[in-house]
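Data first, discussion second: the structure below is written as structure tokens.
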Amino acid sequence: MKRKVNKTTQPIRSPSDREAISSYFWNRNLRDYAFFQFGIATGRRISDLVRLNVRDVAFIDRKGRLTIVERLKIQEKKTGKFIDLMLHPSARRALSKYIRQRRKQAQSIGAVLNEPLFKSRKQGHDGQYRIREQQAWRVLNNAARACGLTYKIGTHSLRKTFGYILYTSGTNIELIQKFLNHSSPAITLAYIGITQDDMDEAILSMDI
């Protein structure tokens with residue numbers, strides 16, 4: 001029997017797939033590497049990621065050094081809610097490498113802080129050089145195909161991967177639901193790609 005292809009955007013479940021994409025970006029573009037790491041580590045919607053400026057994630061400390069914040073504090077575009085989220089060390093390291101590279105190319109640290117976090121070479125209708133959602137989709141899909149991933153990848157994949165990693169790490173589903181601002185645990189389970197087959201397999205794997 002031919003297996004039905006899942007056409008829904010999927011989380012990147014396999015650690016080896018995540019590592020492959022991460023390495024792909026690392027060797028080609030620090031902006032895309034930082035975008036990938038930051039997206040997976042925060043679970044924010046693409047509409048929020050592309051709106052960020054450098055000053056949302058970095059500041060100048062008392063010694064004049066560029067420093068990455070420990071917590072992300074922004075207002076969500078879709079819900080209007082304010083979030084306060086601790087940044088995972090992997091996201092902070094990726095942002096630090098990327099922004100320090102930007103710092104070398106800028107006239108001053110202050111100039112960098114006022115720029116879009118994830119820059120684009122193309123100017124948008126608003127006059128800003130900011131990565132767009134369609135461009136982010138294209139970047140992720142090109143990487144996925146280059147790394148041999150055959151399932152559907154989209155901009156929601158980063159947010160779904162965030163939830164999936166938390167779930168498979170043993171995080172309570174109600175807490176993940178809160179992270180993702182879903183109305184019920186069932187919606188969260190479906191969103192991160194936990195199927196009935198997954199739950200059946202978990203039961204069968206129990207050592208009783």
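We name chains A, B, ... following the order of the structure tokens; residues begin at 1 in each chain, and ligands are numbered from 1 as shown.
Near region 186-192 of chain A, within 6 Å and counting only C-alpha atoms, sit Lys160, Gly163, Tyr164, Gln177, Ser184 and Ile194 of chain A, not including residues fewer than 2 positions from it in the same chain.
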Which of region 22-201 of chain A DSSP labels helix (DSSP H, G or I), written as a VMD selection string: chain A and resid 22 to 26 30 to 42 46 to 49 54 to 56 89 to 105 109 to 113 133 to 146 156 to 168 173 to 180 185 to 191 196 to 201
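Remark: for Ala34 (chain A), the closest of the candidate residues A:Lys122, A:Thr195, A:Tyr151, A:Ser90 is A:Ser90 (distances computed over only C-alpha atoms).
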Leaving out Thr79 (chain A) and any residue of its chain fewer than 3 positions from it, which residues lie within 12 Å of it when counting only C-alpha atoms, given as a list in words?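 That gives Arg44, Arg45, Ser47, Asp48, Ile74, Gln75, Glu76, Phe82, Ile83, Leu180, Asn181 and His182 of chain A.
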Any idea what's packed within 7 Å of Tyr24 (chain A), counting only C-alpha atoms, ignoring anything in its chain fewer than 4 positions away? Could you give it as a list in words? Ala20, Arg28 and Ala143 of chain A
Can you pull out the residues contacting Ala91 (chain A)? Cut-off 8 Å, using only C-alpha atoms, and skip same-chain residues under 2 positions away; I want them as number ranges by chain. A: 34, 37-38, 41, 87-89, 93-95
Would you mind telling me which residue in A:Asn29, A:Ser108, A:Thr8, A:Ser120 lies nearest to Val50 (chain A) when using only C-alpha atoms? A:Ser120
